[in-house]
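A.B. asks: Got a file for you: coords_26.txt, compact mmCIF, C-alpha atoms.
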# COMPACT_ATOMS: atom_id res chain seq x y z
CA MET A 1 108.68 137.86 117.47
CA GLN A 2 112.13 136.62 118.39
CA ALA A 3 111.44 133.88 120.93
CA CYS A 4 108.88 131.12 120.97
CA ALA A 5 107.02 129.75 123.98
CA HIS A 6 109.25 126.71 124.45
CA THR A 7 112.30 128.99 124.55
CA THR A 8 110.76 130.93 127.41
CA ALA A 9 109.84 127.73 129.19
CA ARG A 10 113.47 126.63 129.06
CA ALA A 11 114.67 130.05 130.13
CA PHE A 12 112.51 129.99 133.24
CA ALA A 13 112.90 126.28 133.98
CA PRO A 14 113.88 125.47 137.58
CA HIS A 15 117.54 124.69 138.13
CA SER A 16 118.54 121.59 140.06
CA ARG A 17 121.72 123.16 141.41
CA ARG A 18 122.94 126.60 142.28
CA HIS A 19 124.87 128.60 139.78
CA SER A 20 128.17 130.30 140.34
CA VAL A 21 129.20 133.44 138.48
CA ALA A 22 131.85 131.43 136.65
CA VAL A 23 129.41 128.92 135.11
CA ARG A 24 128.86 129.59 131.42
CA ALA A 25 130.63 132.91 131.75
CA GLN A 26 130.37 133.49 128.01
CA LYS A 27 126.67 134.32 128.42
CA TYR A 28 124.93 137.13 130.23
CA LYS A 29 122.61 136.03 133.01
CA LEU A 30 119.41 137.77 134.00
CA VAL A 31 118.21 136.82 137.47
CA ASP A 32 114.45 137.18 137.29
CA THR A 33 111.06 135.44 137.55
CA PRO A 34 108.14 135.51 135.09
CA VAL A 35 105.78 137.39 137.44
CA SER A 36 108.21 140.27 137.98
CA ASN A 37 106.97 143.49 136.42
CA ASN A 38 110.33 145.15 136.96
CA GLY A 39 112.10 142.28 135.27
CA GLY A 40 109.45 142.31 132.55
CA ARG A 41 110.82 145.50 131.06
CA VAL A 42 114.26 143.88 130.75
CA ARG A 43 112.88 140.68 129.23
CA TRP A 44 110.95 142.74 126.70
CA VAL A 45 114.17 144.38 125.50
CA LEU A 46 115.81 140.97 125.17
CA TYR A 47 112.87 139.71 123.10
CA LYS A 48 112.61 142.82 120.93
CA LYS A 49 116.30 142.83 120.11
CA GLY A 50 116.59 139.08 119.66
CA LEU A 51 119.20 138.64 122.35
CA LEU A 52 118.11 135.38 123.95
CA ASP A 53 120.99 133.50 122.33
CA GLN A 54 123.37 135.62 124.41
CA PHE A 55 121.40 135.51 127.67
CA GLU A 56 120.32 132.97 130.21
CA ILE A 57 117.38 133.78 132.46
CA VAL A 58 117.70 132.15 135.88
CA ALA A 59 115.51 132.24 138.96
CA PRO A 60 116.90 133.66 142.20
CA THR A 61 116.46 130.21 143.72
CA ALA A 62 119.49 129.19 141.66
CA TYR A 63 121.47 131.29 144.14
CA GLY A 64 119.57 130.24 147.23
CA GLY A 65 116.97 133.01 147.06
CA LEU A 66 117.08 136.79 147.13
CA LYS A 67 118.21 137.00 150.75
CA SER A 68 120.79 134.23 150.68
CA PRO A 69 124.42 135.12 151.40
CA GLU A 70 125.36 133.96 147.89
CA TYR A 71 122.87 136.27 146.21
CA LEU A 72 123.55 139.21 148.51
CA LYS A 73 127.16 139.10 147.38
CA LEU A 74 125.88 139.73 143.87
CA ASN A 75 123.29 142.33 144.84
CA PRO A 76 123.43 143.62 148.43
CA GLN A 77 119.92 145.06 147.98
CA GLY A 78 118.53 141.53 147.72
CA LYS A 79 116.30 142.44 144.79
CA MET A 80 115.76 141.46 141.20
CA PRO A 81 116.22 141.73 138.31
CA LEU A 82 119.97 141.48 138.30
CA LEU A 83 122.22 141.31 135.27
CA ILE A 84 125.40 139.26 135.57
CA LYS A 85 127.77 140.12 132.73
CA PRO A 86 130.12 137.59 131.12
CA ASP A 87 133.07 138.99 133.08
CA GLY A 88 131.22 138.30 136.34
CA THR A 89 130.41 141.92 137.18
CA THR A 90 126.81 142.67 138.10
CA LEU A 91 124.32 145.36 137.26
CA PRO A 92 121.15 145.76 139.36
CA GLU A 93 118.03 147.92 138.88
CA SER A 94 115.72 147.32 135.93
CA GLU A 95 115.97 150.72 134.26
CA VAL A 96 119.75 150.75 134.59
CA ILE A 97 119.88 147.31 132.97
CA VAL A 98 117.57 148.44 130.15
CA GLN A 99 119.66 151.50 129.37
CA TYR A 100 122.82 149.39 129.40
CA LEU A 101 121.27 146.93 126.94
CA LEU A 102 120.05 149.70 124.64
CA ASP A 103 123.57 151.12 124.56
CA LYS A 104 125.50 147.84 124.43
CA PHE A 105 123.33 146.33 121.70
CA SER A 106 122.38 149.53 119.89
CA GLY A 107 123.27 147.97 116.53
CA LYS A 108 120.97 144.99 116.89
CA GLY A 109 117.22 145.05 116.39
CA PRO A 110 115.06 148.13 116.87
CA SER A 111 116.65 150.99 118.80
CA LEU A 112 113.67 151.34 121.19
CA VAL A 113 114.76 154.96 121.60
CA ALA A 114 112.58 157.89 120.57
CA SER A 115 113.81 159.89 117.60
CA THR A 116 113.77 163.43 119.04
CA PRO A 117 114.95 165.07 122.26
CA GLU A 118 111.40 166.13 123.01
CA ALA A 119 110.00 162.63 122.60
CA ARG A 120 112.85 161.15 124.63
CA ALA A 121 112.09 163.62 127.42
CA VAL A 122 108.44 162.50 127.45
CA GLY A 123 109.49 158.87 127.69
CA ALA A 124 112.00 159.60 130.44
CA LEU A 125 109.38 161.50 132.44
CA ALA A 126 106.76 158.76 132.15
CA THR A 127 109.35 156.21 133.25
CA ARG A 128 110.44 158.43 136.13
CA LEU A 129 106.88 158.85 137.39
CA LEU A 130 106.46 155.10 137.36
CA ASP A 131 109.75 154.29 139.08
CA VAL A 132 109.70 157.02 141.72
CA TYR A 133 106.01 157.16 142.65
CA ILE A 134 104.26 153.90 141.67
CA THR A 135 106.83 151.13 141.97
CA PRO A 136 107.71 151.91 145.63
CA VAL A 137 104.05 151.53 146.66
CA GLN A 138 102.85 148.80 144.29
CA GLY A 139 103.07 146.28 147.14
CA CYS A 140 99.92 147.82 148.59
CA MET A 141 98.03 145.80 145.98
CA TYR A 142 99.38 142.37 146.94
CA ARG A 143 101.39 142.37 150.19
CA LYS A 144 100.39 142.14 153.83
CA MET A 145 100.06 145.54 155.53
CA ASP A 146 99.00 146.13 159.12
CA SER A 147 97.31 149.44 158.37
CA ALA A 148 94.26 149.60 156.12
CA GLU A 149 94.59 153.37 156.12
CA GLN A 150 98.13 153.20 154.79
CA ARG A 151 97.11 150.70 152.15
CA ALA A 152 94.29 152.97 150.99
CA LYS A 153 96.65 155.95 150.92
CA GLU A 154 99.09 154.11 148.69
CA VAL A 155 96.31 152.94 146.35
CA GLN A 156 95.26 156.58 146.07
CA GLN A 157 98.85 157.48 145.19
CA ILE A 158 98.77 155.01 142.33
CA ALA A 159 95.58 156.67 141.04
CA PHE A 160 97.16 160.11 141.30
CA GLN A 161 100.28 159.04 139.43
CA LEU A 162 98.27 157.38 136.68
CA ASP A 163 96.62 160.75 136.13
CA ALA A 164 100.08 162.32 136.01
CA ILE A 165 101.24 159.83 133.38
CA GLU A 166 98.03 160.42 131.42
CA GLY A 167 98.98 164.09 131.32
CA VAL A 168 102.50 163.34 130.13
CA ILE A 169 101.60 161.23 127.10
CA THR A 170 101.86 163.26 123.91
CA GLY A 171 102.35 160.56 121.29
CA GLN A 172 100.08 158.13 119.49
CA PRO A 173 99.71 155.24 119.71
CA PHE A 174 102.71 154.90 122.04
CA ILE A 175 104.02 157.13 124.80
CA CYS A 176 106.59 158.86 122.61
CA GLY A 177 104.84 158.63 119.25
CA ALA A 178 104.41 156.19 116.39
CA ASP A 179 107.23 153.85 117.41
CA ILE A 180 107.32 151.69 120.51
CA THR A 181 110.19 152.58 122.85
CA ALA A 182 111.73 151.60 126.16
CA ALA A 183 109.28 153.94 127.88
CA ASP A 184 106.42 151.69 126.80
CA GLY A 185 108.51 148.72 127.87
CA ALA A 186 108.90 150.22 131.31
CA LEU A 187 105.23 150.96 131.84
CA PHE A 188 103.27 148.07 130.40
CA PRO A 189 104.47 145.27 132.76
CA THR A 190 103.25 147.27 135.76
CA MET A 191 100.00 147.96 133.94
CA VAL A 192 99.39 144.20 133.94
CA PHE A 193 99.43 144.34 137.75
CA LEU A 194 97.12 147.35 137.87
CA VAL A 195 94.58 145.96 135.40
CA HIS A 196 94.51 142.62 137.19
CA MET A 197 94.32 143.81 140.80
CA LEU A 198 92.67 147.21 141.10
CA PRO A 199 89.23 146.35 139.64
CA LYS A 200 89.11 142.89 141.20
CA TYR A 201 90.27 143.67 144.73
CA PHE A 202 89.86 147.41 145.21
CA GLY A 203 86.59 148.16 143.45
CA TRP A 204 87.84 150.20 140.52
CA SER A 205 85.42 150.15 137.61
CA SER A 206 88.39 150.44 135.27
CA VAL A 207 92.02 151.49 135.51
CA PHE A 208 91.36 153.63 132.43
CA GLU A 209 88.30 155.55 133.61
CA GLY A 210 89.03 159.21 132.85
CA ARG A 211 92.33 158.24 131.23
CA PRO A 212 91.61 157.89 127.50
CA LYS A 213 95.23 158.28 126.38
CA LEU A 214 96.37 155.48 128.65
CA GLU A 215 93.49 153.32 127.46
CA ALA A 216 94.40 153.83 123.79
CA TRP A 217 98.05 153.19 124.62
CA TRP A 218 97.19 149.94 126.44
CA GLU A 219 95.20 148.70 123.47
CA ALA A 220 98.15 149.45 121.17
CA VAL A 221 100.89 147.99 123.34
CA GLN A 222 99.11 144.65 123.71
CA LYS A 223 99.40 144.22 119.93
CA ASP A 224 103.18 144.26 120.12
CA ALA A 225 104.20 140.59 119.89
CA GLU A 226 107.00 140.79 122.44
CA ALA A 227 104.91 142.83 124.85
CA ALA A 228 102.15 140.22 124.56
CA LYS A 229 104.73 137.57 125.45
CA VAL A 230 105.78 139.40 128.61
CA ILE A 231 102.15 140.12 129.52
CA ALA A 232 101.38 136.40 129.30
CA GLU A 233 104.37 135.58 131.53
CA ILE A 234 103.25 138.03 134.20
CA GLN A 235 99.63 136.93 133.99
CA GLY A 236 100.73 133.33 134.47
CA GLY A 237 102.47 134.34 137.69
CA LEU A 238 99.42 136.24 138.88
CA GLU A 239 97.25 133.21 138.21
CA SER A 240 99.54 131.23 140.51
CA TRP A 241 99.00 133.88 143.18
CA GLU A 242 95.26 133.51 142.68
CA LYS A 243 95.44 129.75 143.14
CA ALA A 244 97.38 130.31 146.36
CA ASN A 245 94.56 132.61 147.57
CA ARG A 246 97.10 135.37 148.07
CA TRP A 247 94.70 138.28 148.53
CA VAL A 248 92.85 136.48 151.30
CA GLU A 249 95.96 135.09 152.96
CA GLN A 250 97.61 138.53 153.01
CA GLY A 251 94.52 140.08 154.62
CA ILE A 252 93.86 142.39 151.70
CA ALA A 253 90.30 141.30 150.93
CA TYR A 254 89.40 141.65 154.61
CA GLN A 255 90.86 145.14 154.93
CA VAL A 256 89.03 146.42 151.87
CA THR A 257 85.65 144.93 152.74
CA GLN A 258 85.85 145.95 156.41
CA ASN A 259 86.83 149.53 155.67
CA PRO A 260 84.34 150.88 153.12
CA GLN A 261 84.79 154.37 154.58
CA LEU A 262 88.30 154.51 153.14
CA LYS A 263 88.92 155.72 149.62
CA TRP A 264 90.21 152.80 147.59
CA LYS A 265 90.43 154.50 144.23
Let me see whether you can do it: turn the structure in this file into structure tokens.

C.D. replies:
Amino acid sequence: MQACAHTTARAFAPHSRRHSVAVRAQKYKLVDTPVSNNGGRVRWVLYKKGLLDQFEIVAPTAYGGLKSPEYLKLNPQGKMPLLIKPDGTTLPESEVIVQYLLDKFSGKGPSLVASTPEARAVGALATRLLDVYITPVQGCMYRKMDSAEQRAKEVQQIAFQLDAIEGVITGQPFICGADITAADGALFPTMVFLVHMLPKYFGWSSVFEGRPKLEAWWEAVQKDAEAAKVIAEIQGGLESWEKANRWVEQGIAYQVTQNPQLKWK
């Protein structure tokens, strides 16, 4: 395990002043927060490859927030994670950042790339299913939505796509086989969200019911030291959401309990 807890605490520590691209230009910067599942896949690569000495992880508040003029100059989409390279150029989108890191730092640490074209195709497909069909609707689990029907529809889509990913997995114990790869790194941070929210707020008995390959994979991936580190970071953020009573404040608990006729799984 490349980074200890106090290193992460420093990496995510609040900044008293805003950063400019020119500050500490010799280091890469990752704009991210601990609760971010999309950023989690990038952080996992940094931890696995032992790259923290070359990276600084900063919160979007260091730039005035995701929708501030300063941040929108860096990423017009107003989203995170965002990679700021030492030359000041930026690279958005989590999977794009991951693939850049795997290429740029291919000679350091584990490759995190499957060993055969067939296994790489499996990993790419699992990642694609996640990014195209689950990530765009994951907000149905934790954001305010006016329509209970639409929320239920999107929860059903998550269930459908989990079945699709279950059907894709051919390896053991990981998605592509014996070795952990970036495909596992893409999927497991989102699984933290699903395991935390779907049983507790949407009545699922288990995320893994009828999905034995995903269940075995989840048990295996939690044993990876760097994955466990990212899981703990995300869970800490979710605990903060719990303390803020997010699921009540966003009207989610009310919608689910008042609409038992809708299919929530």

A.B. asks: Tell me, counting all atoms listed in the file, for each residue of range 107-150 of chain A within 10 Å of range 94-99 of chain A, which pair of atoms is nearest and how far apart they are in Å to one decimal, in rows ordered by chain and increasing number, as JSON lines.

C.D. replies:
{"residue": "A:Val113", "atom": "CA", "partner": "A:Gln99", "partner_atom": "CA", "distance": 9.8}
{"residue": "A:Thr127", "atom": "CA", "partner": "A:Glu95", "partner_atom": "CA", "distance": 8.7}
{"residue": "A:Arg128", "atom": "CA", "partner": "A:Glu95", "partner_atom": "CA", "distance": 9.7}
{"residue": "A:Asp131", "atom": "CA", "partner": "A:Glu95", "partner_atom": "CA", "distance": 8.6}

A.B. asks: Would you tabulate, counting all atoms listed in the file, all residues of range 68-132 of chain A that have an atom at most 12 Å from an atom of range 46-62 of chain A, showing the closest pair of atoms and their distance in Å to one decimal, sorted by chain then ascending number, as JSON lines?

C.D. replies:
{"residue": "A:Ser68", "atom": "CA", "partner": "A:Thr61", "partner_atom": "CA", "distance": 9.1}
{"residue": "A:Pro69", "atom": "CA", "partner": "A:Pro60", "partner_atom": "CA", "distance": 12.0}
{"residue": "A:Glu70", "atom": "CA", "partner": "A:Ala62", "partner_atom": "CA", "distance": 9.8}
{"residue": "A:Tyr71", "atom": "CA", "partner": "A:Pro60", "partner_atom": "CA", "distance": 7.7}
{"residue": "A:Leu72", "atom": "CA", "partner": "A:Pro60", "partner_atom": "CA", "distance": 10.7}
{"residue": "A:Leu74", "atom": "CA", "partner": "A:Pro60", "partner_atom": "CA", "distance": 11.0}
{"residue": "A:Asn75", "atom": "CA", "partner": "A:Pro60", "partner_atom": "CA", "distance": 11.1}
{"residue": "A:Gly78", "atom": "CA", "partner": "A:Pro60", "partner_atom": "CA", "distance": 9.8}
{"residue": "A:Lys79", "atom": "CA", "partner": "A:Pro60", "partner_atom": "CA", "distance": 9.2}
{"residue": "A:Met80", "atom": "CA", "partner": "A:Pro60", "partner_atom": "CA", "distance": 7.9}
{"residue": "A:Pro81", "atom": "CA", "partner": "A:Pro60", "partner_atom": "CA", "distance": 9.0}
{"residue": "A:Leu82", "atom": "CA", "partner": "A:Pro60", "partner_atom": "CA", "distance": 9.3}
{"residue": "A:Leu83", "atom": "CA", "partner": "A:Ile57", "partner_atom": "CA", "distance": 9.4}
{"residue": "A:Ile84", "atom": "CA", "partner": "A:Phe55", "partner_atom": "CA", "distance": 9.6}
{"residue": "A:Lys85", "atom": "CA", "partner": "A:Phe55", "partner_atom": "CA", "distance": 9.4}
{"residue": "A:Pro86", "atom": "CA", "partner": "A:Phe55", "partner_atom": "CA", "distance": 9.6}
{"residue": "A:Ile97", "atom": "CA", "partner": "A:Leu46", "partner_atom": "CA", "distance": 10.8}
{"residue": "A:Val98", "atom": "CA", "partner": "A:Leu46", "partner_atom": "CA", "distance": 9.1}
{"residue": "A:Gln99", "atom": "CA", "partner": "A:Leu46", "partner_atom": "CA", "distance": 12.0}
{"residue": "A:Tyr100", "atom": "CA", "partner": "A:Leu46", "partner_atom": "CA", "distance": 11.7}
{"residue": "A:Leu101", "atom": "CA", "partner": "A:Leu46", "partner_atom": "CA", "distance": 8.3}
{"residue": "A:Leu102", "atom": "CA", "partner": "A:Lys49", "partner_atom": "CA", "distance": 9.0}
{"residue": "A:Asp103", "atom": "CA", "partner": "A:Lys49", "partner_atom": "CA", "distance": 11.9}
{"residue": "A:Lys104", "atom": "CA", "partner": "A:Lys49", "partner_atom": "CA", "distance": 11.3}
{"residue": "A:Phe105", "atom": "CA", "partner": "A:Lys49", "partner_atom": "CA", "distance": 8.0}
{"residue": "A:Ser106", "atom": "CA", "partner": "A:Lys49", "partner_atom": "CA", "distance": 9.1}
{"residue": "A:Gly107", "atom": "CA", "partner": "A:Lys49", "partner_atom": "CA", "distance": 9.4}
{"residue": "A:Lys108", "atom": "CA", "partner": "A:Lys49", "partner_atom": "CA", "distance": 6.1}
{"residue": "A:Gly109", "atom": "CA", "partner": "A:Lys49", "partner_atom": "CA", "distance": 4.4}
{"residue": "A:Pro110", "atom": "CA", "partner": "A:Lys49", "partner_atom": "CA", "distance": 6.3}
{"residue": "A:Ser111", "atom": "CA", "partner": "A:Lys49", "partner_atom": "CA", "distance": 8.3}
{"residue": "A:Leu112", "atom": "CA", "partner": "A:Lys48", "partner_atom": "CA", "distance": 8.6}

A.B. asks: With distances taken over all atoms listed in the file, which residue among A:Trp44, A:Phe202, A:Trp217, A:Trp241 lies nearest Arg151 in chain A?

C.D. replies: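 Closest to Arg151 in chain A of all the choices is A:Phe202.
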
A.B. asks: When you count all atoms listed in the file, which of these residues is closest to Lys27 in chain A: A:Gly88, A:Gln150, A:Phe174, A:Ile234?

C.D. replies: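 Ranking A:Gly88, A:Gln150, A:Phe174, A:Ile234 by distance to Lys27 in chain A, first place goes to A:Gly88.
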
A.B. asks: Let me make sure I understand: among A:Ala164, A:Leu91, A:Ala152, A:Ala183, which one has the smallest atom-to-atom distance to Gly123 in chain A if we use only C-alpha atoms?

C.D. replies: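 So, comparing all the options, the nearest one is A:Ala183.
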
A.B. asks: Would you pick out the contacts of Tyr142 in chain A at 8 Å or less, using all atoms listed in the file, so that residues sharing its chain but fewer than 6 positions from it are not included, and give the list as a ChimeraX atom specification?

C.D. replies: /A:246-247,250,252

A.B. asks: Write out as a PyMOL selection string which residues come within 12 Å of Ile231 in chain A when counting all atoms listed in the file, dropping same-chain ones fewer than 6 positions away.

C.D. replies: chain A and resi 34-37+39-41+43-44+185+187-193+195-196+218+221-225+237-238

A.B. asks: Counting all atoms listed in the file, what is within 12 Å of Glu219 in chain A, bar same-chain residues fewer than 6 positions away, as a PyMOL selection string?

C.D. replies: chain A and resi 172-174+188+191+208+212-213+227-228

A.B. asks: Counting all atoms listed in the file, which residue out of A:Leu162, A:Met141, A:Lys67, A:Lys29 sits closest to Glu209 in chain A?

C.D. replies: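 Looking only at the distances to Glu209 in chain A, the closest residue turns out to be A:Leu162.
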